[in-house]
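Data file: data-v3.cif. Format and content: mmCIF, C-alpha atoms and all ligand atoms.
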data_structure
#
loop_
_atom_site.label_atom_id
_atom_site.label_comp_id
_atom_site.auth_asym_id
_atom_site.auth_seq_id
_atom_site.Cartn_x
_atom_site.Cartn_y
_atom_site.Cartn_z
CA SER A 1 -27.47 -21.89 32.26
CA ASP A 2 -25.15 -24.41 33.88
CA HIS A 3 -27.05 -24.22 37.15
CA GLN A 4 -29.64 -26.67 35.93
CA LEU A 5 -27.06 -29.10 34.59
CA ILE A 6 -26.55 -32.19 36.69
CA TYR A 7 -23.32 -34.14 36.58
CA PRO A 8 -22.73 -37.60 38.02
CA PRO A 9 -19.90 -37.68 40.58
CA SER A 10 -18.33 -40.46 38.47
CA PRO A 11 -19.24 -42.46 35.32
CA ASP A 12 -20.51 -45.28 37.57
CA HIS A 13 -23.11 -42.92 38.99
CA MET A 14 -24.53 -41.93 35.62
CA ASP A 15 -27.95 -43.39 34.93
CA TRP A 16 -28.09 -44.18 31.20
CA SER A 17 -31.15 -46.42 31.43
CA SER A 18 -33.71 -43.95 30.09
CA LEU A 19 -31.46 -43.05 27.15
CA TYR A 20 -30.65 -46.62 26.06
CA PRO A 21 -33.57 -48.68 27.43
CA ASP A 22 -32.81 -51.68 25.18
CA TYR A 23 -29.34 -51.97 26.68
CA VAL A 24 -30.16 -51.99 30.39
CA VAL A 25 -28.91 -55.06 32.26
CA PRO A 26 -32.01 -57.12 33.14
CA GLU A 27 -32.99 -57.04 36.81
CA GLU A 28 -32.27 -60.75 37.36
CA ASP A 29 -28.69 -60.32 36.07
CA ALA A 30 -27.93 -57.35 38.29
CA PRO A 31 -25.54 -58.10 41.16
CA ALA A 32 -27.33 -59.32 44.30
CA GLU A 33 -27.65 -56.82 47.10
CA ASP A 34 -25.23 -57.11 49.95
CA GLN A 35 -27.16 -58.42 52.94
CA ASP A 36 -24.39 -57.83 55.46
CA ALA A 37 -24.88 -54.11 55.59
CA SER A 38 -23.14 -53.51 58.90
CA ALA A 39 -19.89 -55.10 57.70
CA LYS A 40 -19.69 -53.14 54.52
CA GLU A 41 -21.59 -50.05 55.41
CA ASP A 42 -19.79 -47.57 53.18
CA GLU A 43 -19.66 -49.82 50.15
CA THR A 44 -23.29 -50.77 50.48
CA TYR A 45 -24.25 -47.17 50.87
CA LEU A 46 -22.49 -46.35 47.62
CA ALA A 47 -23.73 -49.47 45.82
CA ASP A 48 -27.31 -48.58 46.76
CA LYS A 49 -26.89 -45.30 45.02
CA LEU A 50 -25.57 -46.81 41.80
CA PRO A 51 -28.00 -46.91 38.88
CA ARG A 52 -28.80 -49.90 36.69
CA ARG A 53 -25.92 -50.73 34.40
CA LEU A 54 -25.90 -51.01 30.61
CA THR A 55 -24.90 -54.22 28.87
CA GLN A 56 -22.15 -52.30 27.09
CA ASP A 57 -20.44 -48.93 27.30
CA ILE A 58 -20.95 -45.90 25.10
CA GLU A 59 -18.04 -45.78 22.66
CA VAL A 60 -18.75 -42.83 20.38
CA ALA A 61 -19.44 -39.22 21.37
CA ASP A 62 -20.65 -36.34 19.18
CA ILE A 63 -19.62 -33.13 20.95
CA GLY A 64 -22.14 -30.34 20.31
CA CYS A 65 -24.35 -32.62 18.24
CA GLY A 66 -26.84 -29.91 17.27
CA PHE A 67 -29.93 -31.36 15.58
CA GLY A 68 -28.63 -34.93 15.52
CA GLY A 69 -28.02 -35.56 11.80
CA LEU A 70 -24.71 -37.28 12.45
CA LEU A 71 -26.14 -39.53 15.19
CA ILE A 72 -28.96 -40.65 12.95
CA ALA A 73 -26.61 -41.34 10.03
CA LEU A 74 -24.15 -43.28 12.20
CA ALA A 75 -26.81 -45.41 13.93
CA PRO A 76 -27.25 -47.97 11.11
CA VAL A 77 -23.53 -47.90 10.20
CA MET A 78 -22.51 -48.98 13.70
CA PRO A 79 -25.63 -50.85 14.88
CA GLN A 80 -23.79 -52.59 17.73
CA THR A 81 -22.11 -49.49 19.11
CA LEU A 82 -23.63 -47.06 21.60
CA ILE A 83 -23.35 -43.49 20.32
CA LEU A 84 -24.08 -40.36 22.38
CA GLY A 85 -24.70 -36.80 21.23
CA LEU A 86 -23.94 -34.10 23.79
CA GLU A 87 -25.70 -30.77 23.36
CA ILE A 88 -25.90 -27.74 25.61
CA ARG A 89 -29.14 -26.19 24.32
CA VAL A 90 -32.23 -27.49 26.10
CA SER A 91 -34.67 -27.18 23.20
CA VAL A 92 -32.22 -28.69 20.71
CA THR A 93 -31.54 -31.64 23.05
CA GLN A 94 -35.28 -32.19 23.41
CA TYR A 95 -35.72 -32.02 19.63
CA VAL A 96 -33.06 -34.69 19.07
CA GLN A 97 -34.52 -36.90 21.81
CA ASP A 98 -37.98 -36.63 20.21
CA ARG A 99 -36.52 -37.36 16.77
CA ILE A 100 -34.85 -40.53 18.06
CA LYS A 101 -38.04 -41.59 19.85
CA VAL A 102 -40.06 -41.33 16.63
CA LEU A 103 -37.43 -43.26 14.64
CA ARG A 104 -37.44 -46.01 17.27
CA GLN A 105 -41.24 -46.22 17.16
CA GLN A 106 -41.27 -46.34 13.37
CA ASN A 107 -38.81 -49.24 13.45
CA ALA A 108 -40.18 -51.09 16.45
CA ALA A 109 -41.29 -54.07 14.35
CA SER A 110 -37.83 -54.54 12.84
CA PRO A 111 -36.61 -58.16 12.87
CA LEU A 112 -33.03 -57.00 13.46
CA PRO A 113 -31.45 -58.21 16.74
CA GLN A 114 -30.60 -54.61 17.65
CA LYS A 115 -33.65 -52.43 17.15
CA PRO A 116 -32.82 -49.57 14.77
CA TYR A 117 -31.84 -46.32 16.53
CA SER A 118 -31.80 -47.99 19.96
CA ASN A 119 -28.04 -47.38 19.96
CA ILE A 120 -28.17 -43.56 19.77
CA ALA A 121 -29.17 -40.96 22.35
CA CYS A 122 -28.79 -37.29 23.12
CA LEU A 123 -27.86 -35.85 26.51
CA ARG A 124 -27.89 -32.25 27.59
CA ALA A 125 -24.44 -31.36 28.87
CA ASN A 126 -21.77 -28.72 28.72
CA THR A 127 -18.90 -30.72 27.28
CA MET A 128 -16.43 -28.09 28.43
CA LYS A 129 -17.09 -29.26 31.95
CA PHE A 130 -16.87 -32.64 33.62
CA LEU A 131 -16.51 -34.83 30.51
CA PRO A 132 -14.54 -37.35 32.66
CA ASN A 133 -17.56 -37.55 34.99
CA PHE A 134 -19.52 -39.16 32.15
CA PHE A 135 -16.85 -41.32 30.53
CA SER A 136 -14.12 -43.37 32.14
CA LYS A 137 -10.52 -43.43 31.03
CA ALA A 138 -10.04 -44.94 27.54
CA GLN A 139 -13.78 -45.67 27.19
CA LEU A 140 -14.35 -44.02 23.81
CA SER A 141 -13.15 -45.08 20.36
CA LYS A 142 -14.38 -42.00 18.47
CA ILE A 143 -15.13 -38.37 19.27
CA PHE A 144 -16.75 -36.11 16.67
CA ILE A 145 -16.38 -32.33 16.80
CA CYS A 146 -18.41 -31.13 13.83
CA PHE A 147 -18.73 -27.48 12.90
CA PRO A 148 -18.11 -26.21 16.43
CA ASP A 149 -19.05 -22.60 17.18
CA PRO A 150 -16.16 -20.51 15.81
CA HIS A 151 -16.07 -17.78 18.50
CA PHE A 152 -14.27 -15.47 16.12
CA LYS A 153 -13.18 -12.74 18.53
CA VAL A 154 -9.85 -13.32 20.24
CA ARG A 155 -11.31 -12.67 23.69
CA LYS A 156 -13.87 -15.41 22.98
CA HIS A 157 -11.29 -18.01 21.94
CA LYS A 158 -11.35 -19.50 25.42
CA GLN A 159 -14.87 -20.69 24.67
CA ARG A 160 -13.71 -22.87 21.77
CA ILE A 161 -14.23 -26.55 22.45
CA VAL A 162 -10.76 -27.40 21.27
CA SER A 163 -7.99 -26.19 23.59
CA ALA A 164 -4.92 -27.59 25.34
CA THR A 165 -6.96 -28.39 28.45
CA LEU A 166 -9.95 -29.89 26.67
CA ASN A 167 -7.68 -31.92 24.39
CA SER A 168 -6.22 -33.53 27.52
CA GLU A 169 -9.76 -34.50 28.53
CA TYR A 170 -10.41 -35.96 25.06
CA ALA A 171 -7.10 -37.87 25.38
CA TYR A 172 -8.21 -39.21 28.77
CA VAL A 173 -11.59 -40.56 27.63
CA LEU A 174 -10.27 -41.89 24.29
CA ARG A 175 -8.61 -45.29 24.08
CA PRO A 176 -5.20 -45.55 22.40
CA GLY A 177 -5.89 -45.84 18.66
CA GLY A 178 -9.17 -43.95 19.06
CA VAL A 179 -9.83 -40.98 16.79
CA VAL A 180 -11.03 -37.39 17.18
CA TYR A 181 -12.78 -36.22 14.00
CA THR A 182 -13.00 -32.48 13.35
CA ILE A 183 -14.65 -30.55 10.54
CA THR A 184 -15.36 -26.85 10.04
CA ASP A 185 -15.98 -24.35 7.27
CA VAL A 186 -13.95 -21.68 9.07
CA PRO A 187 -10.29 -21.78 7.93
CA ASP A 188 -9.04 -19.96 11.04
CA LEU A 189 -10.81 -22.41 13.35
CA HIS A 190 -9.46 -25.34 11.33
CA GLU A 191 -5.92 -24.06 11.83
CA TRP A 192 -6.63 -23.52 15.52
CA MET A 193 -7.86 -27.09 15.95
CA VAL A 194 -4.98 -28.58 13.93
CA GLY A 195 -2.46 -26.48 15.88
CA HIS A 196 -3.81 -27.51 19.27
CA PHE A 197 -4.05 -31.22 18.47
CA GLU A 198 -0.65 -31.35 16.76
CA LYS A 199 0.94 -29.65 19.76
CA HIS A 200 -0.64 -32.16 22.13
CA LEU A 201 1.64 -35.10 22.98
CA SER A 202 -1.20 -37.63 23.03
CA PHE A 203 -2.33 -37.08 19.44
CA GLU A 204 -1.03 -37.59 15.92
CA ARG A 205 -2.82 -36.45 12.78
CA LEU A 206 -4.20 -39.04 10.37
CA THR A 207 -2.81 -38.90 6.85
CA THR A 208 -5.06 -37.76 4.00
CA GLU A 209 -5.17 -41.38 2.77
CA GLU A 210 -6.32 -42.57 6.19
CA GLU A 211 -8.98 -39.87 6.31
CA ASP A 212 -10.21 -40.66 2.81
CA SER A 213 -10.55 -44.37 3.57
CA ASP A 214 -12.49 -43.84 6.81
CA PRO A 215 -16.25 -44.08 6.13
CA CYS A 216 -16.95 -41.88 9.17
CA VAL A 217 -15.22 -38.97 7.46
CA ALA A 218 -17.56 -39.16 4.47
CA ILE A 219 -20.57 -39.33 6.79
CA MET A 220 -19.34 -36.40 8.85
CA ARG A 221 -18.86 -34.34 5.67
CA THR A 222 -22.41 -34.85 4.44
CA GLU A 223 -24.77 -35.76 7.27
CA THR A 224 -24.58 -33.03 9.90
CA GLU A 225 -27.05 -30.16 9.58
CA GLU A 226 -24.21 -27.63 9.43
CA GLY A 227 -22.45 -29.71 6.78
CA LYS A 228 -25.62 -29.64 4.67
CA LYS A 229 -25.92 -25.89 5.09
CA VAL A 230 -22.33 -25.39 3.92
CA GLU A 231 -23.06 -27.70 0.99
CA ARG A 232 -26.04 -25.55 -0.06
CA HIS A 233 -23.78 -22.49 -0.12
CA SER A 234 -21.05 -24.46 -1.93
CA GLY A 235 -18.69 -23.59 0.90
CA ALA A 236 -15.41 -25.37 1.66
CA LYS A 237 -15.15 -27.92 4.46
CA TYR A 238 -11.92 -28.55 6.30
CA VAL A 239 -11.39 -31.96 7.88
CA ALA A 240 -8.71 -33.03 10.33
CA CYS A 241 -8.59 -36.26 12.33
CA PHE A 242 -6.27 -37.17 15.17
CA ARG A 243 -5.37 -40.55 16.58
CA ARG A 244 -4.94 -41.04 20.31
CA LYS A 245 -1.39 -42.34 20.66
CA GLN A 246 -0.39 -45.15 22.99
CA GLU A 247 -0.14 -44.04 26.59
CA LEU A 248 2.91 -42.07 27.58
CA PRO A 249 5.02 -43.45 30.45
CA TYR A 250 3.82 -40.83 32.92
CA GLU A 251 0.10 -41.15 32.17
N1 LIG A 301 -22.44 -30.58 15.17
C1 LIG A 301 -23.67 -30.03 14.65
C2 LIG A 301 -23.62 -29.92 13.14
O1 LIG A 301 -22.52 -30.09 12.59
O2 LIG A 301 -24.66 -29.71 12.53
C3 LIG A 301 -23.98 -28.67 15.29
C4 LIG A 301 -23.02 -27.56 15.00
S1 LIG A 301 -23.48 -26.03 15.82
C5 LIG A 301 -22.64 -24.82 14.91
C6 LIG A 301 -22.59 -26.13 17.34
C7 LIG A 301 -23.40 -26.83 18.42
O3 LIG A 301 -22.61 -27.02 19.59
C8 LIG A 301 -24.61 -26.04 18.85
O4 LIG A 301 -25.75 -26.85 18.77
C9 LIG A 301 -24.29 -25.64 20.28
O5 LIG A 301 -25.44 -25.52 21.09
C10 LIG A 301 -23.40 -26.76 20.72
N2 LIG A 301 -22.48 -26.43 21.81
C11 LIG A 301 -21.73 -25.32 21.92
N3 LIG A 301 -20.99 -25.36 23.05
C12 LIG A 301 -21.28 -26.52 23.67
C13 LIG A 301 -20.85 -27.12 24.88
N4 LIG A 301 -19.97 -26.52 25.67
N5 LIG A 301 -21.35 -28.33 25.22
C14 LIG A 301 -22.26 -28.94 24.42
N6 LIG A 301 -22.70 -28.41 23.26
C15 LIG A 301 -22.23 -27.22 22.89
#

So that I can check it, write out the structure of this file as structure tokens.
Amino acid sequence: SDHQLIYPPSPDHMDWSSLYPDYVVPEEDAPAEDQDASAKEDETYLADKLPRRLTQDIEVADIGCGFGGLLIALAPVMPQTLILGLEIRVSVTQYVQDRIKVLRQQNAASPLPQKPYSNIACLRANTMKFLPNFFSKAQLSKIFICFPDPHFKVRKHKQRIVSATLNSEYAYVLRPGGVVYTITDVPDLHEWMVGHFEKHLSFERLTTEEEDSDPCVAIMRTETEEGKKVERHSGAKYVACFRRKQELPYE
């Protein structure tokens, strides 16, 4: 349950170092400690608590990443971008972390400047809560919501990971021009997601041409475990992508 989930008080307090070890700022480049502790007591106190920084920010999030197929497919397509899968189930998170570990080991001798799969990681989190504690405003360029749980019953709709409130959180962490990618095999859920994003002032839907020319859409259609399952049953897949508009005057 959520009781064991730990959230950083702010994105600056999140320690990403164990998830992206190749991207941790080297010790010698880290800012020097403030010697004058008495003068800046509060700041120093906070600074002491801050974890080692990464050399770059995470830019892509896979919400409810499941078994990690999308992360693993995206890793070589965006080798210089940090990608994070967020998953609520403990055992599934562990499975994805182990899978990434093995892939990194298998590719450790790679001559590439960025070691393969060093740019992807999986974190256990409930994305319905505290997403802005992990990501700062306008940090992300892409958010994937692939085959989210449909929660068919009307009284369960509040558990869907697309809603007016959650869309405002996605708008907050996405940069203007950034894209939310959605896909599902459930027509009712597709309509729900389209309805909620189209109603939201911060988003506009991509045209079919824009969707078709985006390589991430093709990857999302074929590479997630759920997408493969739907493929095996020759089921339909419904895609809808939404661009984060420029900031509104009151934001
Ligand atoms: N995206 C993957 C795919 O396409 O293969 C997995 C789809 S699966 C149907 C939905 C996943 O979302 C499950 O692994 C579930 O545990 C996860 N999930 C559901 N609610 C979540 C939440 N609030 N935060 C994080 N993950 C969640």

Sort by chain and increasing residue number a table of all residues of chain A within 9 Å of ligand LIG 301 (chain A), each with its closest pair of atoms and their distance in Å to one decimal, counting all atoms listed in the file, and write it as a tab-separated table.
residue	atom	partner	partner_atom	distance
A:Asp62	CA	A:LIG301	N1	7.2
A:Ile63	CA	A:LIG301	C14	6.0
A:Gly64	CA	A:LIG301	O3	3.4
A:Cys65	CA	A:LIG301	N1	4.2
A:Gly66	CA	A:LIG301	O4	3.6
A:Phe67	CA	A:LIG301	O2	6.3
A:Gly68	CA	A:LIG301	C1	7.0
A:Gly69	CA	A:LIG301	O2	6.8
A:Leu70	CA	A:LIG301	C2	7.5
A:Gly85	CA	A:LIG301	C14	8.8
A:Leu86	CA	A:LIG301	C14	5.5
A:Glu87	CA	A:LIG301	N6	3.8
A:Ile88	CA	A:LIG301	C14	4.0
A:Arg89	CA	A:LIG301	O5	5.0
A:Val90	CA	A:LIG301	O5	8.7
A:Val92	CA	A:LIG301	O4	7.0
A:Thr93	CA	A:LIG301	O4	8.6
A:Arg124	CA	A:LIG301	C14	7.3
A:Ala125	CA	A:LIG301	C14	5.5
A:Asn126	CA	A:LIG301	N5	3.5
A:Thr127	CA	A:LIG301	N5	4.0
A:Met128	CA	A:LIG301	N4	4.8
A:Lys129	CA	A:LIG301	N4	7.4
A:Phe144	CA	A:LIG301	N1	8.1
A:Ile145	CA	A:LIG301	N1	6.5
A:Cys146	CA	A:LIG301	N1	4.3
A:Phe147	CA	A:LIG301	O1	4.6
A:Pro148	CA	A:LIG301	C6	4.6
A:Asp149	CA	A:LIG301	C5	4.8
A:Pro150	CA	A:LIG301	C5	7.8
A:Gln159	CA	A:LIG301	N4	7.8
A:Arg160	CA	A:LIG301	N3	7.8
A:Ile161	CA	A:LIG301	N4	6.6
A:Ile183	CA	A:LIG301	O1	8.1
A:Thr184	CA	A:LIG301	O1	8.3
A:Met220	CA	A:LIG301	O1	8.0
A:Arg221	CA	A:LIG301	O1	8.9
A:Glu223	CA	A:LIG301	O2	8.0
A:Thr224	CA	A:LIG301	O2	4.2
A:Glu225	CA	A:LIG301	O2	3.8
A:Glu226	CA	A:LIG301	O2	3.8
A:Gly227	CA	A:LIG301	O1	5.8
A:Lys228	CA	A:LIG301	O2	7.9
A:Lys229	CA	A:LIG301	O2	8.5

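Computed from the coordinates, the atom CA of Val239 of chain A to atom CA of Leu189 of chain A distance equals 11.0 Å.
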
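Using all atoms listed in the file, the nearest neighbour of Ser136 of chain A within the list A:Ala121, A:Leu174, A:Val180, A:Val102 is A:Leu174.
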
Just give me the gap between atom CA of Leu54 of chain A and atom CA of Gln4 of chain A in Å, one decimal is fine.
25.2 Å

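Straight-line separation from atom CA of Gly195 of chain A to atom CA of Val60 of chain A: 23.5 Å.
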
Here is a test: counting only C-alpha atoms, which residue of A:Tyr170, A:Tyr95, A:Phe242, A:Phe135 is nearest to Glu198 of chain A?
A:Phe242

Using all atoms listed in the file, what residues lie at most 6 Å away from (0.0, -41.6, 17.2) (file coordinates), given as a tab-separated table (two decimals) with C-alpha atoms, in the frame of the given file?
chain	number	residue	atom	x	y	z
A	203	PHE	CA	-2.33	-37.08	19.44
A	204	GLU	CA	-1.03	-37.59	15.92
A	243	ARG	CA	-5.37	-40.55	16.58
A	244	ARG	CA	-4.94	-41.04	20.31
A	245	LYS	CA	-1.39	-42.34	20.66

Nearby residues (all atoms listed in the file) at most 7 Å from Val162 of chain A, same-chain spacing under 3 positions excluded, as a ChimeraX atom specification:
/A:166-167,193

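The shortest atom-to-atom distance to Leu5 of chain A, with all atoms listed in the file taken into account, belongs to A:Phe130 out of A:Phe130, A:Glu210, A:Thr222, A:Gly235.
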
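Of the listed residues A:Tyr181, A:Asp188, A:Gln56, A:Ile6, the one whose atoms come nearest to His157 of chain A is A:Asp188, with distances taken using only C-alpha atoms.
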
Need the shell around Met14 of chain A: protein/DNA/RNA residues with any atom at most 12 Å away, counting all atoms listed in the file. Skip same-chain ones fewer than 3 positions apart. Format as a PyMOL selection string?
chain A and resi 6-11+17-19+49-54+57-58+123+131-136

Nearest-residue call for Glu251 of chain A, choices A:Ser202, A:Ser213, A:Thr55, A:Thr208, using only C-alpha atoms
A:Ser202

Nearest candidate to Glu169 of chain A (options A:Val194, A:Val25, A:Ala138, A:Val230; using all atoms listed in the file):
A:Ala138

Completion step: segment 63-93 of chain A with N, CA and C atoms as a PDB file, in the coordinates of the input:
ATOM      1  N   ILE A  63     -19.715 -34.297  20.067  1.00  0.00           N
ATOM      2  CA  ILE A  63     -19.620 -33.130  20.950  1.00  0.00           C
ATOM      3  C   ILE A  63     -20.323 -31.941  20.289  1.00  0.00           C
ATOM      4  N   GLY A  64     -21.371 -31.437  20.916  1.00  0.00           N
ATOM      5  CA  GLY A  64     -22.140 -30.340  20.310  1.00  0.00           C
ATOM      6  C   GLY A  64     -22.890 -30.863  19.103  1.00  0.00           C
ATOM      7  N   CYS A  65     -23.755 -31.857  19.351  1.00  0.00           N
ATOM      8  CA  CYS A  65     -24.350 -32.620  18.240  1.00  0.00           C
ATOM      9  C   CYS A  65     -25.402 -31.843  17.462  1.00  0.00           C
ATOM     10  N   GLY A  66     -25.833 -30.689  17.982  1.00  0.00           N
ATOM     11  CA  GLY A  66     -26.840 -29.910  17.270  1.00  0.00           C
ATOM     12  C   GLY A  66     -28.100 -30.747  17.066  1.00  0.00           C
ATOM     13  N   PHE A  67     -28.621 -30.747  15.843  1.00  0.00           N
ATOM     14  CA  PHE A  67     -29.930 -31.360  15.580  1.00  0.00           C
ATOM     15  C   PHE A  67     -29.876 -32.873  15.326  1.00  0.00           C
ATOM     16  N   GLY A  68     -28.707 -33.469  15.455  1.00  0.00           N
ATOM     17  CA  GLY A  68     -28.630 -34.930  15.520  1.00  0.00           C
ATOM     18  C   GLY A  68     -28.420 -35.660  14.200  1.00  0.00           C
ATOM     19  N   GLY A  69     -28.188 -34.916  13.109  1.00  0.00           N
ATOM     20  CA  GLY A  69     -28.020 -35.560  11.800  1.00  0.00           C
ATOM     21  C   GLY A  69     -26.927 -36.616  11.787  1.00  0.00           C
ATOM     22  N   LEU A  70     -25.817 -36.322  12.445  1.00  0.00           N
ATOM     23  CA  LEU A  70     -24.710 -37.280  12.450  1.00  0.00           C
ATOM     24  C   LEU A  70     -25.080 -38.551  13.227  1.00  0.00           C
ATOM     25  N   LEU A  71     -25.729 -38.379  14.378  1.00  0.00           N
ATOM     26  CA  LEU A  71     -26.140 -39.530  15.190  1.00  0.00           C
ATOM     27  C   LEU A  71     -27.017 -40.463  14.379  1.00  0.00           C
ATOM     28  N   ILE A  72     -27.978 -39.863  13.687  1.00  0.00           N
ATOM     29  CA  ILE A  72     -28.960 -40.650  12.950  1.00  0.00           C
ATOM     30  C   ILE A  72     -28.313 -41.355  11.752  1.00  0.00           C
ATOM     31  N   ALA A  73     -27.313 -40.700  11.149  1.00  0.00           N
ATOM     32  CA  ALA A  73     -26.610 -41.340  10.030  1.00  0.00           C
ATOM     33  C   ALA A  73     -25.675 -42.443  10.519  1.00  0.00           C
ATOM     34  N   LEU A  74     -25.086 -42.260  11.700  1.00  0.00           N
ATOM     35  CA  LEU A  74     -24.150 -43.280  12.200  1.00  0.00           C
ATOM     36  C   LEU A  74     -24.871 -44.505  12.752  1.00  0.00           C
ATOM     37  N   ALA A  75     -26.100 -44.318  13.246  1.00  0.00           N
ATOM     38  CA  ALA A  75     -26.810 -45.410  13.930  1.00  0.00           C
ATOM     39  C   ALA A  75     -26.824 -46.719  13.133  1.00  0.00           C
ATOM     40  N   PRO A  76     -27.226 -46.703  11.841  1.00  0.00           N
ATOM     41  CA  PRO A  76     -27.250 -47.970  11.110  1.00  0.00           C
ATOM     42  C   PRO A  76     -25.858 -48.437  10.648  1.00  0.00           C
ATOM     43  N   VAL A  77     -24.890 -47.528  10.632  1.00  0.00           N
ATOM     44  CA  VAL A  77     -23.530 -47.900  10.200  1.00  0.00           C
ATOM     45  C   VAL A  77     -22.805 -48.650  11.313  1.00  0.00           C
ATOM     46  N   MET A  78     -23.123 -48.308  12.540  1.00  0.00           N
ATOM     47  CA  MET A  78     -22.510 -48.980  13.700  1.00  0.00           C
ATOM     48  C   MET A  78     -23.637 -49.495  14.611  1.00  0.00           C
ATOM     49  N   PRO A  79     -24.422 -50.466  14.125  1.00  0.00           N
ATOM     50  CA  PRO A  79     -25.630 -50.850  14.880  1.00  0.00           C
ATOM     51  C   PRO A  79     -25.335 -51.490  16.238  1.00  0.00           C
ATOM     52  N   GLN A  80     -24.089 -51.935  16.442  1.00  0.00           N
ATOM     53  CA  GLN A  80     -23.790 -52.590  17.730  1.00  0.00           C
ATOM     54  C   GLN A  80     -22.992 -51.686  18.662  1.00  0.00           C
ATOM     55  N   THR A  81     -22.916 -50.426  18.309  1.00  0.00           N
ATOM     56  CA  THR A  81     -22.110 -49.490  19.110  1.00  0.00           C
ATOM     57  C   THR A  81     -23.038 -48.435  19.713  1.00  0.00           C
ATOM     58  N   LEU A  82     -22.837 -48.129  20.981  1.00  0.00           N
ATOM     59  CA  LEU A  82     -23.630 -47.060  21.600  1.00  0.00           C
ATOM     60  C   LEU A  82     -22.990 -45.713  21.305  1.00  0.00           C
ATOM     61  N   ILE A  83     -23.806 -44.801  20.783  1.00  0.00           N
ATOM     62  CA  ILE A  83     -23.350 -43.490  20.320  1.00  0.00           C
ATOM     63  C   ILE A  83     -24.126 -42.433  21.105  1.00  0.00           C
ATOM     64  N   LEU A  84     -23.417 -41.411  21.595  1.00  0.00           N
ATOM     65  CA  LEU A  84     -24.080 -40.360  22.380  1.00  0.00           C
ATOM     66  C   LEU A  84     -23.797 -38.982  21.797  1.00  0.00           C
ATOM     67  N   GLY A  85     -24.851 -38.207  21.591  1.00  0.00           N
ATOM     68  CA  GLY A  85     -24.700 -36.800  21.230  1.00  0.00           C
ATOM     69  C   GLY A  85     -24.791 -35.968  22.495  1.00  0.00           C
ATOM     70  N   LEU A  86     -23.916 -34.995  22.638  1.00  0.00           N
ATOM     71  CA  LEU A  86     -23.940 -34.100  23.790  1.00  0.00           C
ATOM     72  C   LEU A  86     -24.248 -32.704  23.272  1.00  0.00           C
ATOM     73  N   GLU A  87     -25.238 -32.068  23.872  1.00  0.00           N
ATOM     74  CA  GLU A  87     -25.700 -30.770  23.360  1.00  0.00           C
ATOM     75  C   GLU A  87     -26.080 -29.883  24.540  1.00  0.00           C
ATOM     76  N   ILE A  88     -25.679 -28.638  24.468  1.00  0.00           N
ATOM     77  CA  ILE A  88     -25.900 -27.740  25.610  1.00  0.00           C
ATOM     78  C   ILE A  88     -27.270 -27.073  25.582  1.00  0.00           C
ATOM     79  N   ARG A  89     -27.843 -26.905  24.385  1.00  0.00           N
ATOM     80  CA  ARG A  89     -29.140 -26.190  24.320  1.00  0.00           C
ATOM     81  C   ARG A  89     -30.291 -27.133  24.665  1.00  0.00           C
ATOM     82  N   VAL A  90     -31.127 -26.666  25.598  1.00  0.00           N
ATOM     83  CA  VAL A  90     -32.230 -27.490  26.100  1.00  0.00           C
ATOM     84  C   VAL A  90     -33.178 -27.884  24.975  1.00  0.00           C
ATOM     85  N   SER A  91     -33.644 -26.892  24.210  1.00  0.00           N
ATOM     86  CA  SER A  91     -34.670 -27.180  23.200  1.00  0.00           C
ATOM     87  C   SER A  91     -34.107 -28.060  22.086  1.00  0.00           C
ATOM     88  N   VAL A  92     -32.839 -27.885  21.764  1.00  0.00           N
ATOM     89  CA  VAL A  92     -32.220 -28.690  20.710  1.00  0.00           C
ATOM     90  C   VAL A  92     -32.061 -30.139  21.198  1.00  0.00           C
ATOM     91  N   THR A  93     -31.664 -30.292  22.463  1.00  0.00           N
ATOM     92  CA  THR A  93     -31.540 -31.640  23.050  1.00  0.00           C
ATOM     93  C   THR A  93     -32.903 -32.344  22.997  1.00  0.00           C
TER      94      THR A  93
END
